[in-house]
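Here is the file structure_28.cif (mmCIF, C-alpha atoms).
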data_query
#
loop_
_atom_site.label_atom_id
_atom_site.label_comp_id
_atom_site.auth_asym_id
_atom_site.auth_seq_id
_atom_site.Cartn_x
_atom_site.Cartn_y
_atom_site.Cartn_z
CA MET A 448 104.10 68.59 78.71
CA THR A 449 107.07 66.23 78.55
CA LEU A 450 110.69 67.25 79.09
CA ASN A 451 113.18 67.18 76.23
CA GLU A 452 116.77 68.13 75.44
CA THR A 453 115.99 71.85 75.72
CA HIS A 454 115.48 71.36 79.48
CA ASP A 455 118.82 69.59 80.14
CA PRO A 456 120.18 71.32 83.29
CA ALA A 457 123.76 70.54 82.23
CA ARG A 458 123.45 72.44 78.96
CA THR A 459 125.43 75.69 78.67
CA SER A 460 125.75 78.55 76.19
CA TRP A 461 128.61 80.38 74.49
CA VAL A 462 127.01 83.52 75.98
CA GLU A 463 128.95 83.33 79.24
CA SER A 464 126.51 85.44 81.30
CA ALA A 465 123.83 82.79 80.70
CA ASN A 466 125.86 80.20 82.59
CA GLN A 467 125.99 82.03 85.92
CA ALA A 468 124.16 80.34 88.77
CA ASP A 469 121.88 83.31 89.38
CA ALA A 470 121.16 84.06 85.71
CA CYS A 471 117.51 84.79 84.94
CA PHE A 472 117.91 83.73 81.34
CA PRO A 473 120.00 80.57 80.96
CA ILE A 474 119.77 78.49 77.80
CA GLN A 475 117.02 76.40 79.40
CA ASN A 476 114.75 79.49 79.48
CA LEU A 477 114.88 81.36 76.13
CA PRO A 478 111.91 83.70 76.67
CA PHE A 479 110.60 85.82 73.80
CA GLY A 480 110.26 89.60 73.88
CA VAL A 481 110.19 92.66 71.62
CA PHE A 482 112.80 95.42 71.67
CA ALA A 483 112.99 98.67 69.71
CA GLY A 484 115.19 98.61 66.61
CA GLU A 485 117.13 101.62 65.35
CA ASP A 486 114.00 102.85 63.57
CA GLY A 487 111.92 102.49 66.74
CA ARG A 488 109.90 99.57 65.40
CA GLY A 489 109.70 96.35 67.34
CA ARG A 490 112.07 93.45 66.71
CA ILE A 491 111.54 90.02 68.23
CA GLY A 492 114.35 88.78 70.41
CA VAL A 493 115.20 85.98 72.81
CA ALA A 494 116.80 86.71 76.18
CA ILE A 495 120.04 84.84 76.84
CA GLY A 496 122.07 85.86 79.89
CA ASN A 497 122.43 89.64 79.81
CA GLN A 498 122.06 89.74 76.01
CA ILE A 499 119.26 89.65 73.45
CA LEU A 500 119.47 87.43 70.39
CA ASP A 501 118.09 89.47 67.46
CA LEU A 502 115.99 86.85 65.68
CA ALA A 503 115.38 88.83 62.49
CA ALA A 504 119.14 89.36 62.10
CA ALA A 505 119.78 85.67 62.74
CA ILE A 506 117.18 84.67 60.14
CA GLU A 507 118.23 87.23 57.53
CA THR A 508 121.88 86.07 57.72
CA GLU A 509 120.68 82.44 57.52
CA THR A 510 122.48 81.75 60.80
CA LEU A 511 119.13 80.59 62.19
CA GLN A 512 117.31 78.39 59.71
CA LEU A 513 113.64 77.71 60.30
CA PRO A 514 110.65 76.69 58.16
CA GLY A 515 109.39 79.67 56.15
CA GLU A 516 106.19 80.25 58.09
CA ILE A 517 108.02 80.31 61.42
CA ALA A 518 110.87 82.46 60.08
CA CYS A 519 108.42 84.98 58.64
CA ALA A 520 106.50 85.19 61.92
CA LEU A 521 109.69 85.81 63.92
CA CYS A 522 110.60 88.71 61.63
CA SER A 523 107.37 90.50 62.57
CA HIS A 524 107.19 93.47 64.93
CA ARG A 525 105.13 91.64 67.58
CA LEU A 526 104.73 88.01 68.68
CA ASN A 527 101.08 87.53 67.67
CA GLU A 528 101.75 85.76 64.37
CA PHE A 529 104.29 83.41 65.96
CA MET A 530 101.95 82.73 68.89
CA SER A 531 99.19 81.75 66.46
CA LEU A 532 101.27 78.97 64.87
CA GLY A 533 100.82 76.53 67.74
CA LYS A 534 102.93 74.37 70.00
CA ASP A 535 104.79 72.41 67.29
CA ALA A 536 106.07 75.65 65.74
CA TRP A 537 106.95 77.03 69.19
CA HIS A 538 108.99 73.90 69.94
CA THR A 539 110.73 73.96 66.56
CA ALA A 540 111.83 77.55 67.14
CA ARG A 541 112.90 76.90 70.73
CA LYS A 542 114.96 73.87 69.74
CA SER A 543 116.68 75.65 66.84
CA ILE A 544 117.41 78.78 68.88
CA GLY A 545 118.80 76.63 71.69
CA ASN A 546 121.10 74.80 69.26
CA LEU A 547 122.33 78.15 67.90
CA LEU A 548 123.17 79.40 71.40
CA ALA A 549 124.60 76.15 72.81
CA SER A 550 128.24 76.13 73.90
CA ASP A 551 129.18 73.63 71.18
CA ALA A 552 127.89 75.97 68.42
CA PRO A 553 129.99 78.72 66.76
CA ARG A 554 129.88 82.10 68.49
CA GLN A 555 127.59 84.63 66.81
CA ASP A 556 128.26 87.76 68.84
CA ARG A 557 127.20 90.02 65.95
CA LEU A 558 123.61 88.83 66.50
CA LEU A 559 123.52 89.92 70.16
CA ARG A 560 122.22 93.19 71.59
CA PRO A 561 123.14 94.23 75.19
CA MET A 562 120.01 93.90 77.30
CA ASP A 563 120.81 96.94 79.44
CA GLU A 564 120.83 99.14 76.33
CA ALA A 565 117.57 97.83 74.88
CA VAL A 566 114.25 99.66 75.00
CA MET A 567 111.63 96.98 75.54
CA GLN A 568 108.14 97.14 74.09
CA LEU A 569 104.96 95.16 74.68
CA PRO A 570 105.60 91.64 73.37
CA ALA A 571 102.24 91.38 71.60
CA GLU A 572 99.32 93.42 70.38
CA ILE A 573 96.94 92.62 73.20
CA GLY A 574 93.51 92.50 71.66
CA ASP A 575 91.69 91.61 74.86
CA TYR A 576 92.46 91.19 78.54
CA THR A 577 90.59 89.32 81.26
CA ASP A 578 91.61 89.28 84.90
CA PHE A 579 90.60 86.49 87.25
CA TYR A 580 90.31 86.11 91.02
CA ALA A 581 91.87 82.69 91.37
CA ALA A 582 93.79 82.59 94.69
CA ARG A 583 91.65 81.33 97.53
CA HIS A 584 93.63 83.07 100.29
CA HIS A 585 93.24 86.45 98.55
CA ALA A 586 89.51 85.96 97.96
CA THR A 587 89.06 84.84 101.57
CA ASN A 588 91.01 87.77 103.03
CA VAL A 589 89.07 90.31 100.97
CA GLY A 590 85.80 88.64 101.92
CA ARG A 591 86.65 88.80 105.61
CA MET A 592 87.49 92.50 105.34
CA PHE A 593 84.35 93.53 103.51
CA ARG A 594 81.89 90.92 104.82
CA PRO A 595 83.08 90.26 108.38
CA ASP A 596 79.74 88.82 109.48
CA GLY A 597 79.18 86.55 106.49
CA GLU A 598 80.85 83.87 104.44
CA PRO A 599 84.14 85.26 103.06
CA LEU A 600 83.79 83.45 99.72
CA MET A 601 80.89 84.32 97.45
CA PRO A 602 78.68 81.31 96.60
CA ASN A 603 79.98 80.99 93.03
CA TRP A 604 83.71 81.15 93.84
CA LEU A 605 84.17 77.41 94.47
CA HIS A 606 82.26 76.49 91.31
CA LEU A 607 83.96 78.61 88.63
CA PRO A 608 86.93 80.91 88.00
CA VAL A 609 85.55 84.39 88.69
CA GLY A 610 86.87 87.12 86.38
CA TYR A 611 86.20 90.49 84.80
CA HIS A 612 87.08 92.04 81.45
CA GLY A 613 89.98 94.43 81.83
CA ARG A 614 91.25 97.21 79.59
CA ALA A 615 93.88 96.05 77.08
CA SER A 616 94.69 99.62 76.01
CA SER A 617 96.15 100.49 79.41
CA ILE A 618 98.54 97.53 79.66
CA VAL A 619 102.11 98.85 79.66
CA VAL A 620 105.56 97.31 79.70
CA SER A 621 107.75 97.25 82.79
CA GLY A 622 109.53 100.54 83.48
CA THR A 623 106.60 102.71 82.44
CA ASP A 624 105.75 105.39 85.01
CA ILE A 625 102.26 105.19 86.52
CA VAL A 626 100.28 108.42 86.94
CA ARG A 627 98.09 108.44 90.03
CA PRO A 628 94.52 108.34 88.69
CA HIS A 629 91.60 110.58 89.52
CA GLY A 630 88.30 108.99 90.35
CA GLN A 631 84.94 109.38 92.02
CA LEU A 632 85.44 108.84 95.75
CA LYS A 633 82.78 108.49 98.45
CA PRO A 634 83.76 109.89 101.86
CA GLU A 635 82.13 108.22 104.86
CA ASP A 636 80.45 111.49 105.90
CA GLY A 637 79.51 113.19 102.66
CA PRO A 638 78.56 113.00 98.99
CA PRO A 639 80.90 111.70 96.28
CA VAL A 640 83.80 113.88 95.12
CA PHE A 641 86.08 113.74 92.08
CA ALA A 642 89.69 113.74 93.27
CA PRO A 643 93.04 111.93 92.99
CA CYS A 644 93.01 108.36 94.26
CA ARG A 645 94.18 108.15 97.88
CA LEU A 646 94.33 104.39 98.28
CA LEU A 647 96.57 103.30 95.40
CA ASP A 648 97.64 99.65 95.51
CA TYR A 649 99.63 97.05 93.63
CA GLU A 650 98.62 93.45 92.96
CA LEU A 651 101.12 90.62 92.57
CA GLU A 652 99.83 88.64 89.61
CA PHE A 653 100.90 86.64 86.60
CA GLY A 654 99.47 86.76 83.11
CA ALA A 655 99.24 84.02 80.48
CA PHE A 656 99.31 84.88 76.78
CA ILE A 657 96.96 82.96 74.50
CA GLY A 658 98.70 81.32 71.56
CA THR A 659 96.20 79.51 69.40
CA GLY A 660 92.63 80.69 69.89
CA ASN A 661 89.21 79.31 69.02
CA ALA A 662 86.43 80.20 66.62
CA MET A 663 83.33 81.96 67.89
CA GLY A 664 80.81 79.38 69.06
CA SER A 665 83.45 76.75 69.81
CA ARG A 666 85.00 75.80 73.15
CA ILE A 667 88.49 74.90 74.33
CA GLY A 668 88.25 71.77 76.46
CA ILE A 669 90.09 71.44 79.74
CA GLY A 670 92.26 68.65 78.32
CA ASP A 671 93.46 70.87 75.46
CA ALA A 672 93.65 74.24 77.20
CA SER A 673 97.33 74.08 78.16
CA ASP A 674 98.27 73.58 74.50
CA HIS A 675 96.61 76.92 73.67
CA LEU A 676 98.74 78.85 76.19
CA PHE A 677 101.95 80.36 74.82
CA GLY A 678 103.69 81.66 77.92
CA VAL A 679 103.61 83.61 81.16
CA VAL A 680 104.63 87.12 82.28
CA ILE A 681 104.63 88.94 85.61
CA LEU A 682 101.58 91.20 85.93
CA ASN A 683 100.96 94.11 88.31
CA ASP A 684 97.30 95.11 88.20
CA TRP A 685 97.51 98.57 89.80
CA SER A 686 94.31 99.27 91.74
CA ALA A 687 92.56 102.39 93.06
CA ARG A 688 90.95 100.91 96.16
CA ASP A 689 88.85 103.95 97.10
CA VAL A 690 87.47 104.20 93.57
CA GLN A 691 86.87 100.44 93.60
CA LYS A 692 84.96 100.51 96.91
CA TRP A 693 82.42 103.03 95.60
CA GLU A 694 81.93 101.71 92.06
CA TYR A 695 82.25 97.92 92.17
CA GLN A 696 78.62 97.04 92.95
CA PRO A 697 76.74 95.68 91.11
CA LEU A 698 78.94 95.01 88.05
CA GLY A 699 82.44 94.72 89.49
CA PRO A 700 85.75 96.53 88.73
CA PHE A 701 85.74 99.39 86.24
CA ASN A 702 87.69 102.67 86.56
CA ALA A 703 89.53 101.37 89.62
CA LYS A 704 91.39 98.97 87.33
CA ASN A 705 91.45 100.57 83.88
CA PHE A 706 94.18 103.21 84.29
CA ALA A 707 97.25 100.92 84.17
CA SER A 708 98.40 97.31 84.36
CA THR A 709 102.11 96.54 83.99
CA ILE A 710 103.65 93.37 82.54
CA SER A 711 107.24 92.16 82.41
CA PRO A 712 108.75 92.29 78.89
CA TRP A 713 109.88 88.65 78.55
CA VAL A 714 107.34 85.89 77.89
CA VAL A 715 108.53 82.66 79.50
CA THR A 716 107.08 79.90 77.34
CA MET A 717 104.98 77.06 78.68
CA GLU A 718 107.60 74.66 77.32
CA ALA A 719 110.32 76.34 79.38
CA LEU A 720 108.05 76.02 82.43
CA ALA A 721 107.50 72.27 81.97
CA PRO A 722 110.00 71.21 84.68
CA TYR A 723 108.16 73.30 87.26
CA ARG A 724 104.63 72.04 86.70
CA SER A 725 102.87 70.77 89.80
CA GLU A 726 99.50 70.11 91.37
CA GLY A 727 97.69 73.13 92.74
CA PRO A 728 96.15 73.40 96.22
CA ALA A 729 93.90 70.49 97.13
CA ARG A 730 90.21 71.30 97.36
CA ALA A 731 88.77 71.14 100.86
CA ALA A 732 86.78 68.10 101.87
CA ASP A 733 83.54 70.07 101.93
CA ASP A 734 84.12 71.91 98.64
CA PRO A 735 81.56 71.11 95.94
CA PRO A 736 82.69 68.80 93.13
CA LEU A 737 83.86 70.46 89.92
CA LEU A 738 81.71 70.23 86.84
CA ASP A 739 83.20 68.01 84.15
CA TYR A 740 84.28 70.84 81.84
CA LEU A 741 86.52 72.23 84.62
CA THR A 742 87.87 68.92 85.91
CA PRO A 743 91.48 68.31 84.84
CA ALA A 744 92.68 64.81 84.09
CA PRO A 745 94.40 63.07 87.01
CA GLY A 746 98.09 63.96 87.15
CA SER A 747 97.74 66.84 84.68
CA ALA A 748 99.83 69.13 86.94
CA ASP A 749 98.29 72.33 85.60
CA ALA A 750 99.80 74.54 88.33
CA ILE A 751 103.22 76.18 87.91
CA ASP A 752 105.71 76.57 90.75
CA VAL A 753 106.82 80.18 90.24
CA GLN A 754 108.22 82.17 93.17
CA ALA A 755 107.98 85.96 93.42
CA THR A 756 108.96 88.84 95.68
CA VAL A 757 107.61 92.38 95.83
CA THR A 758 109.93 95.23 96.86
CA LEU A 759 109.31 98.94 97.42
CA SER A 760 111.56 101.97 97.65
CA SER A 761 110.34 105.46 98.40
CA GLN A 762 111.79 108.47 96.65
CA GLY A 763 113.52 109.39 99.90
CA MET A 764 115.06 105.92 100.20
CA ARG A 765 116.45 106.13 96.68
CA GLU A 766 117.88 109.59 97.28
CA ALA A 767 119.58 108.31 100.44
CA GLY A 768 120.90 105.20 98.69
CA THR A 769 118.82 102.90 100.90
CA SER A 770 118.00 99.47 99.48
CA ALA A 771 114.42 98.59 98.63
CA VAL A 772 112.46 96.67 101.27
CA GLN A 773 110.60 93.45 100.60
CA LEU A 774 106.87 93.82 101.13
CA SER A 775 105.73 90.32 100.33
CA ARG A 776 106.49 87.07 98.58
CA GLY A 777 104.24 84.70 96.71
CA SER A 778 103.94 81.54 94.66
CA LEU A 779 101.85 80.87 91.59
CA ARG A 780 101.18 77.44 93.10
CA GLU A 781 98.68 79.15 95.40
CA LEU A 782 96.16 79.54 92.58
CA SER A 783 93.11 77.40 93.22
CA TRP A 784 92.11 77.83 89.57
CA SER A 785 94.78 77.12 86.93
CA PHE A 786 95.30 79.05 83.71
CA ALA A 787 93.95 75.99 81.87
CA GLN A 788 90.74 76.13 83.89
CA MET A 789 90.46 79.89 83.34
CA LEU A 790 90.78 79.46 79.59
CA SER A 791 88.35 76.54 79.45
CA HIS A 792 85.77 78.49 81.44
CA HIS A 793 86.34 81.68 79.43
CA THR A 794 85.53 79.87 76.18
CA SER A 795 82.77 77.68 77.62
CA THR A 796 80.13 80.02 76.18
CA GLY A 797 81.78 80.00 72.76
CA CYS A 798 83.70 83.22 73.44
CA PRO A 799 86.47 83.50 70.80
CA MET A 800 90.06 83.98 71.99
CA ALA A 801 92.89 85.15 69.75
CA ALA A 802 96.68 85.04 69.73
CA GLY A 803 98.00 87.77 72.00
CA ASP A 804 94.98 87.90 74.30
CA LEU A 805 96.02 88.00 77.95
CA ILE A 806 94.44 86.38 81.00
CA GLY A 807 95.51 87.45 84.49
CA SER A 808 95.64 85.27 87.58
CA GLY A 809 94.29 87.79 90.05
CA THR A 810 96.24 88.62 93.20
CA VAL A 811 98.51 85.78 94.29
CA SER A 812 98.29 85.47 98.08
CA GLY A 813 99.30 82.67 100.41
CA PRO A 814 98.42 81.58 103.96
CA ASP A 815 100.96 83.77 105.81
CA LYS A 816 100.94 87.53 106.31
CA ASP A 817 104.15 88.03 104.35
CA SER A 818 102.62 86.14 101.42
CA ARG A 819 99.72 88.54 100.97
CA GLY A 820 99.94 89.94 97.46
CA CYS A 821 98.71 93.54 97.86
CA LEU A 822 98.74 96.37 100.39
CA LEU A 823 95.00 96.02 100.97
CA GLU A 824 95.75 92.66 102.59
CA LEU A 825 99.22 93.42 103.99
CA THR A 826 98.00 96.45 105.93
CA TRP A 827 94.51 95.04 106.45
CA ARG A 828 92.74 98.03 104.88
CA GLY A 829 95.34 100.43 106.31
CA THR A 830 94.96 99.41 109.97
CA GLU A 831 98.45 97.80 110.10
CA PRO A 832 100.81 100.21 108.29
CA ILE A 833 104.27 99.15 107.13
CA ALA A 834 107.29 101.11 108.44
CA LEU A 835 109.96 102.10 105.89
CA PRO A 836 113.66 102.83 106.57
CA ASP A 837 113.20 106.54 105.74
CA GLY A 838 110.91 107.00 108.74
CA THR A 839 107.69 107.00 106.74
CA GLU A 840 105.03 104.33 106.73
CA ARG A 841 102.78 102.86 104.07
CA LYS A 842 99.13 102.00 104.19
CA PHE A 843 98.92 102.44 100.42
CA LEU A 844 101.30 103.70 97.74
CA GLN A 845 102.54 107.29 97.76
CA ASP A 846 103.89 109.45 94.94
CA GLY A 847 107.50 108.63 94.16
CA ASP A 848 107.22 105.00 95.31
CA ALA A 849 108.96 102.47 93.06
CA LEU A 850 107.38 99.01 93.11
CA THR A 851 109.18 95.98 91.66
CA ILE A 852 108.10 92.35 91.30
CA ASP A 853 110.76 89.71 90.57
CA ALA A 854 109.94 86.09 89.77
CA TRP A 855 111.79 82.83 89.14
CA CYS A 856 111.46 79.04 89.11
CA GLU A 857 113.87 76.61 90.75
CA ARG A 858 113.59 72.93 91.48
CA GLN A 859 116.04 70.14 92.19
CA GLY A 860 117.12 68.49 88.95
CA ALA A 861 116.23 71.51 86.81
CA ALA A 862 117.99 74.74 85.89
CA ARG A 863 116.89 77.89 87.68
CA ILE A 864 115.08 80.25 85.29
CA GLY A 865 113.78 83.76 85.83
CA PHE A 866 111.14 86.13 84.50
CA GLY A 867 113.12 89.33 85.03
CA SER A 868 111.35 92.23 86.71
CA CYS A 869 108.06 94.11 86.50
CA SER A 870 108.40 97.64 87.84
CA GLY A 871 106.84 101.10 87.89
CA VAL A 872 107.19 104.43 89.71
CA ILE A 873 104.13 106.34 90.94
CA LEU A 874 103.87 109.89 89.57
CA PRO A 875 101.59 112.59 91.04
CA ALA A 876 98.06 112.98 89.68
CA GLN A 877 97.78 115.34 86.73
#
Write-out of the structure in structure tokens:
Amino acid sequence: MTLNETHDPARTSWVESANQADACFPIQNLPFGVFAGEDGRGRIGVAIGNQILDLAAAIETETLQLPGEIACALCSHRLNEFMSLGKDAWHTARKSIGNLLASDAPRQDRLLRPMDEAVMQLPAEIGDYTDFYAARHHATNVGRMFRPDGEPLMPNWLHLPVGYHGRASSIVVSGTDIVRPHGQLKPEDGPPVFAPCRLLDYELEFGAFIGTGNAMGSRIGIGDASDHLFGVVILNDWSARDVQKWEYQPLGPFNAKNFASTISPWVVTMEALAPYRSEGPARAADDPPLLDYLTPAPGSADAIDVQATVTLSSQGMREAGTSAVQLSRGSLRELSWSFAQMLSHHTSTGCPMAAGDLIGSGTVSGPDKDSRGCLLELTWRGTEPIALPDGTERKFLQDGDALTIDAWCERQGAARIGFGSCSGVILPAQ
């Protein structure tokens, strides 16, 4: 994807908060989200600084003028219709919205809604959700834990993006409390029991929303896959590790993953991410060659350089006014399989994808201990607990814990843009 005037790092907005050096949402970003209107129904907005541009209000007052099909889609209650219009429509909207918000345009404060007063909703109706397992360091660490005497990577991992079908109905927006799930657990010295999960975990991930899909029986080629991706959100795929350990063979994750997955409310578009595209990790010299349908064109730069941190605060820490502690950091560049490869593989059988479908990256882990993207890895199955300032320690998440993932992109010659936060508090089992 080529750069254009919407990426100009010198461009500023008449929304002053968007021009601050540490702003998540400068004019170069313009992510789309859905907030609750006065009647509780969703309204599509664009984040700019600490404000939300109400797109329906801008269109209805003819302040924002767009072709009819695009204008109609942006007055919907979710982003699906707009996502389905394709990259030319996405660019037209982004360019027009940027021109409306630019510092040389007239102020339109009446169209803004304070972000800290908004109730955010899911940005799209998520018809289907697939989670992948695309970071080599994560797959290797897990393999070493559970197969210490064998090869850490399963034989298929280097040949294809491994994934499983998740549960779209349990995807929630950031800020939603997470109830500790019950599940069937297998003690080492007895029969299975049904009880609250004891080994609750987070997973640092990112999700990509599908824009334009494909008809059943057709495929999306690797060279076209990026054009079918609308944008990216932070994703926390909460995981019940003790449930997972007992149930995952032979068909993989099921109840251990279906109780909740949290996404950030703002979808950062692929066009906004263009300045931060890069090559992913190089394949090892002894890795098998990729099949043609998964081989990107030279210089395609399908990886995205997104940085992230994970912080935790216990209930006791919050009551004492103690700041959250950083558990880990990560980079989306660590994915060995790109979102384009995931989508191309997903549709290689003729599987139909639709606007608003979500694909997850799987846990993003790097080569260092502090870049491990979940507690399973950070504490090495609980054998290396993490000490907290309140005198407690964590092997896995406890009730009252608040977990937050923040993410951003920055690169010399480009404006810094952010994703906002993805957070949730663990509530006791019911």
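Taking CA of Tyr580 in chain A and CA of Glu650 in chain A as the two end points, the separation is 11.3 Å.
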Handout entry: Separation of CA of Ala876 in chain A from CA of Glu766 in chain A in Å
Key = 21.5 Å
Residues at most 12 Å from Thr826 in chain A, counting all atoms listed in the file, excluding those fewer than 2 positions away in the same chain, as a compact mmCIF listing (two decimals) with C-alpha atoms, in the frame of the given file?
# COMPACT_ATOMS: atom_id res chain seq x y z
CA ASN A 588 91.01 87.77 103.03
CA VAL A 589 89.07 90.31 100.97
CA MET A 592 87.49 92.50 105.34
CA LEU A 646 94.33 104.39 98.28
CA ASP A 648 97.64 99.65 95.51
CA LEU A 774 106.87 93.82 101.13
CA SER A 775 105.73 90.32 100.33
CA LYS A 816 100.94 87.53 106.31
CA ASP A 817 104.15 88.03 104.35
CA ARG A 819 99.72 88.54 100.97
CA GLY A 820 99.94 89.94 97.46
CA CYS A 821 98.71 93.54 97.86
CA LEU A 822 98.74 96.37 100.39
CA LEU A 823 95.00 96.02 100.97
CA GLU A 824 95.75 92.66 102.59
CA ARG A 828 92.74 98.03 104.88
CA GLY A 829 95.34 100.43 106.31
CA THR A 830 94.96 99.41 109.97
CA GLU A 831 98.45 97.80 110.10
CA PRO A 832 100.81 100.21 108.29
CA ILE A 833 104.27 99.15 107.13
CA ALA A 834 107.29 101.11 108.44
CA GLU A 840 105.03 104.33 106.73
CA ARG A 841 102.78 102.86 104.07
CA LYS A 842 99.13 102.00 104.19
CA PHE A 843 98.92 102.44 100.42
CA LEU A 844 101.30 103.70 97.74
Handout entry: Pick from A:Arg863, A:His454, A:Arg776, A:Lys633, whichever lies nearest to His538 in chain A using all atoms listed in the file
Key = A:His454
Problem - Matched chain/residue IDs from the PyMOL selection byres ((chain A and resi 691) around 8), as a PyMOL selection string - result: chain A and resi 686-690+692-695+700-704
Problem - Of the listed residues A:Thr758, A:Ser617, A:Ser791, A:Ser747, that which approaches Asn705 in chain A most closely, counting all atoms listed in the file - result: A:Ser617
Exercise for the section: For CA of Gly622 in chain A and CA of Ala750 in chain A, quote the distance in Å rounded to one decimal. Expected result: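 A separation of 28.2 Å between them.
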Problem - Answer key for the PyMOL selection byres ((chain A and resi 872) around 9), residues as a VMD selection string - result: chain A and resid 622 to 626 846 to 851 870 to 871 873 to 874
Could you save those same residues with C-alpha atoms as a PDB file, in the coordinates of the input?
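Result saved to again08.pdb:
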ATOM      1  CA  GLY A 622     109.530 100.540  83.480  1.00  0.00           C
ATOM      2  CA  THR A 623     106.600 102.710  82.440  1.00  0.00           C
ATOM      3  CA  ASP A 624     105.750 105.390  85.010  1.00  0.00           C
ATOM      4  CA  ILE A 625     102.260 105.190  86.520  1.00  0.00           C
ATOM      5  CA  VAL A 626     100.280 108.420  86.940  1.00  0.00           C
ATOM      6  CA  ASP A 846     103.890 109.450  94.940  1.00  0.00           C
ATOM      7  CA  GLY A 847     107.500 108.630  94.160  1.00  0.00           C
ATOM      8  CA  ASP A 848     107.220 105.000  95.310  1.00  0.00           C
ATOM      9  CA  ALA A 849     108.960 102.470  93.060  1.00  0.00           C
ATOM     10  CA  LEU A 850     107.380  99.010  93.110  1.00  0.00           C
ATOM     11  CA  THR A 851     109.180  95.980  91.660  1.00  0.00           C
ATOM     12  CA  SER A 870     108.400  97.640  87.840  1.00  0.00           C
ATOM     13  CA  GLY A 871     106.840 101.100  87.890  1.00  0.00           C
ATOM     14  CA  ILE A 873     104.130 106.340  90.940  1.00  0.00           C
ATOM     15  CA  LEU A 874     103.870 109.890  89.570  1.00  0.00           C
TER      16      LEU A 874
END
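Closest approach to Ala615 in chain A among A:Met789, A:Ala707, A:Val493, A:Ile669: A:Ala707, based on all atoms listed in the file.
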